[in-house]
Amino acid sequence: MDSHSFLNLSILALLLIVFVPYQAFASSRGHFLPQDGDDSGGAPSLGMCSAAVNVHGYKCQEFEVTTDDGYILSVQRIPEGRAGGGGPNRPPVLLQHGVLVDGMTWLLNPPEQSLAMILADNGFDVWISNIRGTRFSRGHVSLDPANPEYWNWTWDDLVSHDLPSVIELVFRQTRQKLHYVGHSMGTLIALASFSEGKQIDKVKSAVLLSPIAYLSHMTTALGVVTSRAFVGEITTIFGLAEFNPKGEPVANFLKTLCTTIGIDCYDLLSAFTGRNCCLNSSTVELFLKNEPQSTATKNLVHMSQTVRDGVLSKYDYGNANFNLEHYGETRPPVYDLSKIPRDLPLFLSYGGQDALSDVKDVSSLLDSLKLHDVDKLHVQYIKDFAHADFIMGVTAKDIVYNQIVAFFRNLH
Ligand SMILES: *[C@@H]1O[C@H](CO)[C@@H](O)[C@H](O)[C@H]1NC(C)=O
Ligand SMILES: *[C@@H]1O[C@H](CO)[C@@H](O)[C@H](O)[C@H]1NC(C)=O
């Protein structure tokens with residue numbers, strides 16, 4: 001395989017972040033590419049509350065918050081359990097989804113298996129975030145998503161704009177510090193933020209599911225070495241604009257890629273994401289009606305830089321002068337995870353089959369947290385779990401969610 005194919009493979013590696021739950025899809029349907037021309041994906045046109053929460057007999061409120069750079073984000077609140085009885089001062093919990101999905105991923109299982117509703121039923125005031133560019137968060141004060149400028153952002157911007165806006169909303173509404181739960185990229189932006197000392201004053205604790213900070217071993221799983229040319233490559237294909245996994249260009253790109261380099265995308269997929277042990281096929285069907293969601297191509301480029309460089313840095317503009325212009329330094333600034341306040345209660349749960357949040361990369365993360373107060377760092381390793389099991393696994397309640405509830409309760 002020539003170096004060009006290696007580059008393409010590394011792009012594919014990234015794309016697989018998109019297709020994690022398609023692993024189950026692959027087993028039931030025999031392929032994983034999104035259906036051509038199905039941009040709606042059968043997604044509900046109603047708001048998320050009506051589509052996925054009220055139907056189960058829970059109250060739900062829709063909120064909107066505008067970031068300081070003009071993005072209008074939708075946020076949902078499940079203020080109390082199905083049985084009601086929500087008094088004042090119920091501890092708020094914010095759920096932050098990963099890349100290429102939206103807040104709906106928390107709501108796809110039946111209520112008794114869904115983290116959002118389990119938390120509500122256990123006395124918590126549950127808030128669900130949806131980052132910029134996802135289905136219910138495509139508004140902007142002046143930019144249209146059809147305008148490439150709308151997509152000029154990476155997860156750095158989620159750290160500096162989306163996360164603070166949503167956390168501020170919850171804080172203002174509840175007048176309490178919140179518990180944070182992130183999955184995948186939702187862990188990355190929290191860790192990056194905490195490492196800069198941001199949001200710590202409004203966050204009581206954080207749960208990190210399938211934590212992603214270092215991604216080096218995602219590449220070794222692929223046998224791929226990413227290169228400096230990578231950034232140029234992916235942006236040449238898609239431009240710095242919307243990366244819509246349900247759109248035709250991405251689907252065609254994947255198909256061509258698989259044919260050109262002569263790999264079996266089905267096997268590659270299994271090889272990468274790891275085998276999710278415990279997904280319900282009805283939930284997977286529902287997932288496919290709702291996800292994946294768009295993100296910025298620039299955001300994926302930034303993630304690929306993390307894969308390539310093995311350190312957690314801000315977006316690399318690819319040349320010393322541009323970096324100097326943006327950061328006042330020739331290299332992008334590093335997020336130093338050892339600066340996360342040592343007394344911040346953390347609960348970290350990771351899976352032995354998770355090829356995206358690879359066990360070795362989680363070790364690197366734990367190593368950077370080695371000076372964390374011992375009694376403030378809870379680590380759970382689940383041998384059979386892969387990436388999607390943490391949000392949609394039928395056994396996640398017993399194995400993970402009950403521990404999360406206990407972890408939060410112990411802090412009150
Ligand atoms: C994207 O935003 C940066 C600032 O973060 C700006 O320097 C750059 O010109 C923008 N790029 C485009 C294509 O608008
Ligand atoms: C799978 O999901 C369906 C639909 O929500 C539900 O009726 C069924 O009980 C679930 N199966 C398991 C094993 O949880």
# chains A, B, ... in the order shown; residues from 1 in each chain; ligands from 1

call {"tool": "closest_atom_pairs", "arguments": {"of": "chain A", "to": "ligand 1", "cutoff": "9 Å", "atoms": "only C-alpha atoms and all ligand atoms", "output": "Markdown table"}}
result
| residue | atom | partner | partner_atom_place_in_ligand_line | distance |
| --- | --- | --- | --- | --- |
| A:Pro148 | CA | ligand 1 | 13 (C) | 7.2 |
| A:Glu149 | CA | ligand 1 | 14 (O) | 5.1 |
| A:Tyr150 | CA | ligand 1 | 14 (O) | 8.6 |
| A:Trp151 | CA | ligand 1 | 1 (C) | 8.6 |
| A:Asn152 | CA | ligand 1 | 1 (C) | 5.0 |
| A:Trp153 | CA | ligand 1 | 1 (C) | 7.1 |
| A:Asp157 | CA | ligand 1 | 5 (O) | 8.9 |
| A:Leu240 | CA | ligand 1 | 13 (C) | 6.9 |
| A:Ala241 | CA | ligand 1 | 13 (C) | 8.7 |
| A:Phe322 | CA | ligand 1 | 7 (O) | 8.5 |
| A:Glu325 | CA | ligand 1 | 7 (O) | 8.5 |
| A:His326 | CA | ligand 1 | 7 (O) | 7.3 |

call {"tool": "select_by_dssp", "arguments": {"residues": "stretch 169-408 of chain A", "states": "helix (DSSP H, G or I)", "output": "ChimeraX atom specification"}}
result
/A:169-174,185-195,200-202,216-222,230-238,248-260,265-273,281-290,297-309,320-327,337-339,359-368,374-376,389-392,396-408

call {"tool": "write_last_selection", "arguments": {"atoms": "C-alpha atoms", "output": "CSV table (one decimal), in the first residue's frame"}}
result
chain,number,residue,atom,x,y,z
A,169,LEU,CA,-27.6,28.5,31.1
A,170,VAL,CA,-27.9,25.6,33.5
A,171,PHE,CA,-26.2,27.5,36.3
A,172,ARG,CA,-28.4,30.5,35.8
A,173,GLN,CA,-31.6,28.4,35.7
A,174,THR,CA,-30.8,26.2,38.7
A,185,MET,CA,-15.7,14.1,22.3
A,186,GLY,CA,-17.9,15.3,25.2
A,187,THR,CA,-15.1,14.1,27.5
A,188,LEU,CA,-12.4,15.8,25.4
A,189,ILE,CA,-13.9,19.2,25.5
A,190,ALA,CA,-14.5,19.0,29.3
A,191,LEU,CA,-10.9,17.8,30.0
A,192,ALA,CA,-9.5,20.6,27.8
A,193,SER,CA,-11.7,23.2,29.5
A,194,PHE,CA,-10.8,22.0,33.0
A,195,SER,CA,-7.1,22.0,32.1
A,200,ILE,CA,-14.4,24.5,37.3
A,201,ASP,CA,-16.3,27.1,39.3
A,202,LYS,CA,-19.6,25.8,38.0
A,216,SER,CA,-2.4,7.7,19.2
A,217,HIS,CA,-3.4,4.1,19.5
A,218,MET,CA,-6.4,4.5,17.3
A,219,THR,CA,-3.9,4.8,14.5
A,220,THR,CA,-1.9,1.8,15.5
A,221,ALA,CA,-5.1,-0.2,15.5
A,222,LEU,CA,-5.3,0.9,11.9
A,230,PHE,CA,-3.1,15.0,5.9
A,231,VAL,CA,-4.7,18.3,6.8
A,232,GLY,CA,-4.3,19.5,3.2
A,233,GLU,CA,-5.7,16.2,1.9
A,234,ILE,CA,-9.0,16.2,3.7
A,235,THR,CA,-9.6,19.8,3.2
A,236,THR,CA,-9.0,19.5,-0.5
A,237,ILE,CA,-11.7,16.9,-0.6
A,238,PHE,CA,-14.3,18.6,1.4
A,248,GLU,CA,-23.8,12.0,-0.9
A,249,PRO,CA,-20.2,13.4,-1.1
A,250,VAL,CA,-19.2,11.6,2.1
A,251,ALA,CA,-20.9,8.4,1.2
A,252,ASN,CA,-19.4,8.4,-2.3
A,253,PHE,CA,-16.0,9.2,-0.9
A,254,LEU,CA,-16.2,6.2,1.5
A,255,LYS,CA,-17.3,3.9,-1.3
A,256,THR,CA,-14.6,5.0,-3.6
A,257,LEU,CA,-12.1,4.7,-0.8
A,258,CYS,CA,-13.1,1.1,0.0
A,259,THR,CA,-13.0,0.1,-3.7
A,260,THR,CA,-9.8,1.9,-4.6
A,265,CYS,CA,-15.0,-1.9,4.8
A,266,TYR,CA,-17.1,-4.3,6.8
A,267,ASP,CA,-14.1,-6.0,8.3
A,268,LEU,CA,-12.2,-2.8,8.7
A,269,LEU,CA,-15.1,-1.3,10.7
A,270,SER,CA,-15.2,-4.2,13.1
A,271,ALA,CA,-11.4,-4.1,13.4
A,272,PHE,CA,-11.6,-0.4,14.4
A,273,THR,CA,-14.5,0.3,16.6
A,281,SER,CA,-31.2,-3.9,17.4
A,282,SER,CA,-34.4,-1.7,17.9
A,283,THR,CA,-32.2,1.0,19.4
A,284,VAL,CA,-29.7,0.7,16.5
A,285,GLU,CA,-32.6,1.2,14.1
A,286,LEU,CA,-33.7,4.2,16.0
A,287,PHE,CA,-30.1,5.5,16.0
A,288,LEU,CA,-29.9,5.2,12.3
A,289,LYS,CA,-33.1,7.3,11.9
A,290,ASN,CA,-31.6,10.0,14.0
A,297,THR,CA,-14.6,19.4,8.4
A,298,LYS,CA,-12.2,21.6,10.3
A,299,ASN,CA,-13.2,19.8,13.5
A,300,LEU,CA,-12.3,16.4,12.0
A,301,VAL,CA,-9.0,17.8,10.8
A,302,HIS,CA,-8.3,19.0,14.3
A,303,MET,CA,-9.1,15.5,15.7
A,304,SER,CA,-6.8,14.0,13.1
A,305,GLN,CA,-4.1,16.3,14.3
A,306,THR,CA,-4.5,14.7,17.8
A,307,VAL,CA,-4.2,11.3,16.2
A,308,ARG,CA,-1.1,12.4,14.4
A,309,ASP,CA,0.7,14.4,17.1
A,320,ALA,CA,4.3,28.8,11.8
A,321,ASN,CA,3.2,32.2,10.6
A,322,PHE,CA,-0.5,31.4,10.8
A,323,ASN,CA,-0.1,29.9,14.3
A,324,LEU,CA,1.9,33.0,15.4
A,325,GLU,CA,-1.0,35.1,14.1
A,326,HIS,CA,-3.6,33.2,16.0
A,327,TYR,CA,-1.7,32.2,19.2
A,337,LEU,CA,-4.2,17.8,31.5
A,338,SER,CA,-2.0,17.6,34.6
A,339,LYS,CA,-3.4,21.1,35.4
A,359,VAL,CA,-7.1,1.2,26.5
A,360,LYS,CA,-3.5,2.4,25.9
A,361,ASP,CA,-4.7,5.9,25.3
A,362,VAL,CA,-6.8,5.8,28.4
A,363,SER,CA,-3.7,4.8,30.2
A,364,SER,CA,-1.9,7.9,28.9
A,365,LEU,CA,-4.9,10.0,30.2
A,366,LEU,CA,-4.7,8.3,33.6
A,367,ASP,CA,-1.0,8.9,33.7
A,368,SER,CA,-1.6,12.6,33.2
A,374,VAL,CA,-6.8,9.5,45.1
A,375,ASP,CA,-10.3,9.7,46.7
A,376,LYS,CA,-11.5,12.0,43.9
A,389,ASP,CA,-22.3,0.4,24.7
A,390,PHE,CA,-21.7,3.3,27.1
A,391,ILE,CA,-24.7,5.3,25.7
A,392,MET,CA,-26.9,2.6,24.3
A,396,ALA,CA,-25.2,-0.1,30.8
A,397,LYS,CA,-27.8,0.6,33.6
A,398,ASP,CA,-26.6,-2.2,35.8
A,399,ILE,CA,-22.9,-1.8,35.0
A,400,VAL,CA,-22.4,1.9,34.6
A,401,TYR,CA,-25.4,4.1,35.2
A,402,ASN,CA,-26.1,2.8,38.7
A,403,GLN,CA,-22.5,3.6,39.6
A,404,ILE,CA,-22.9,7.1,38.2
A,405,VAL,CA,-26.0,7.7,40.4
A,406,ALA,CA,-24.1,6.4,43.4
A,407,PHE,CA,-21.1,8.6,42.6
A,408,PHE,CA,-23.2,11.8,42.4

call {"tool": "residues_around", "arguments": {"residues": "stretch 96-103 of chain A", "least_positions_apart": "2", "cutoff": "7 Å", "atoms": "only C-alpha atoms", "output": "list in words"}}
result
Val18, Leu94, Thr105, Trp106, Ile128, Ser129, Asn130, Thr134, Val181, Gly182, His183, Ser184, Met185, Gly186, Glu291, Pro292, Gln293, Ser294 and Thr295 of chain A

call {"tool": "residues_near_ligand", "arguments": {"ligand": "ligand 2", "cutoff": "9 Å", "atoms": "only C-alpha atoms and all ligand atoms", "output": "tab-separated table (two decimals) with N, CA and C atoms, in the first residue's frame"}}
result
chain	number	residue	atom	x	y	z
A	108	LEU	N	-32.35	7.13	23.12
A	108	LEU	CA	-32.78	6.13	22.15
A	108	LEU	C	-33.21	4.81	22.78
A	109	ASN	N	-32.69	4.52	23.93
A	109	ASN	CA	-33.11	3.29	24.61
A	109	ASN	C	-34.44	3.51	25.32
A	110	PRO	N	-35.13	2.43	25.69
A	110	PRO	CA	-36.33	2.60	26.52
A	110	PRO	C	-35.95	3.34	27.82
A	111	PRO	N	-36.92	4.07	28.44
A	111	PRO	CA	-36.61	4.91	29.60
A	111	PRO	C	-35.83	4.18	30.70
A	113	GLN	N	-33.63	2.14	30.47
A	113	GLN	CA	-32.23	1.89	30.10
A	113	GLN	C	-31.50	3.15	29.65
A	278	CYS	N	-23.44	-5.02	23.50
A	278	CYS	CA	-24.76	-5.09	24.13
A	278	CYS	C	-25.79	-4.14	23.53
A	279	LEU	N	-25.75	-3.95	22.23
A	279	LEU	CA	-26.74	-3.06	21.63
A	279	LEU	C	-28.01	-3.81	21.25
A	280	ASN	N	-29.13	-3.13	21.47
A	280	ASN	CA	-30.44	-3.66	21.11
A	280	ASN	C	-30.71	-3.25	19.65
A	281	SER	N	-31.08	-4.20	18.82
A	281	SER	CA	-31.24	-3.87	17.40
A	281	SER	C	-32.34	-2.83	17.17
A	282	SER	N	-33.34	-2.78	18.03
A	282	SER	CA	-34.36	-1.72	17.89
A	282	SER	C	-33.74	-0.36	18.14
A	283	THR	N	-32.85	-0.29	19.10
A	283	THR	CA	-32.19	0.97	19.40
A	283	THR	C	-31.28	1.39	18.25
A	393	GLY	N	-25.99	0.68	25.43
A	393	GLY	CA	-25.94	-0.73	25.83
A	393	GLY	C	-27.10	-1.11	26.74
A	394	VAL	N	-27.68	-2.28	26.52
A	394	VAL	CA	-28.82	-2.68	27.34
A	394	VAL	C	-28.39	-3.00	28.78
A	395	THR	N	-27.12	-3.31	28.97
A	395	THR	CA	-26.64	-3.61	30.32
A	395	THR	C	-25.97	-2.41	30.99

call {"tool": "atom_distance", "arguments": {"atom1": "atom CA of A:Asp384", "atom2": "atom CA of A:Gly351"}}
result
6.4 Å

call {"tool": "closest_residue", "arguments": {"among": "A:Gly197, A:Pro211, A:Gly123, A:Gly328", "to": "A:Arg342", "atoms": "only C-alpha atoms"}}
result
A:Gly197

call {"tool": "residues_around", "arguments": {"residues": "A:Pro164", "least_positions_apart": "5", "cutoff": "9 Å", "atoms": "only C-alpha atoms", "output": "list in words"}}
result
Thr67, Leu158, Val159, Leu169, Lys198 and Gln199 of chain A

call {"tool": "atom_distance", "arguments": {"atom1": "atom CA of A:Ile382", "atom2": "atom CA of A:Asn276"}}
result
11.6 Å

call {"tool": "closest_residue", "arguments": {"among": "A:Lys204, A:His387, A:Arg77, A:His179", "to": "A:Cys277", "atoms": "only C-alpha atoms"}}
result
A:His387

call {"tool": "select_by_dssp", "arguments": {"residues": "stretch 35-242 of chain A", "states": "strand (DSSP E or B)", "output": "ChimeraX atom specification"}}
result
/A:61-66,71-78,92-96,125-129,139-140,178-183,203-209,242

call {"tool": "closest_residue", "arguments": {"among": "A:Ile340, A:Cys60, A:Leu209, A:Val93", "to": "A:Leu356", "atoms": "only C-alpha atoms"}}
result
A:Leu209
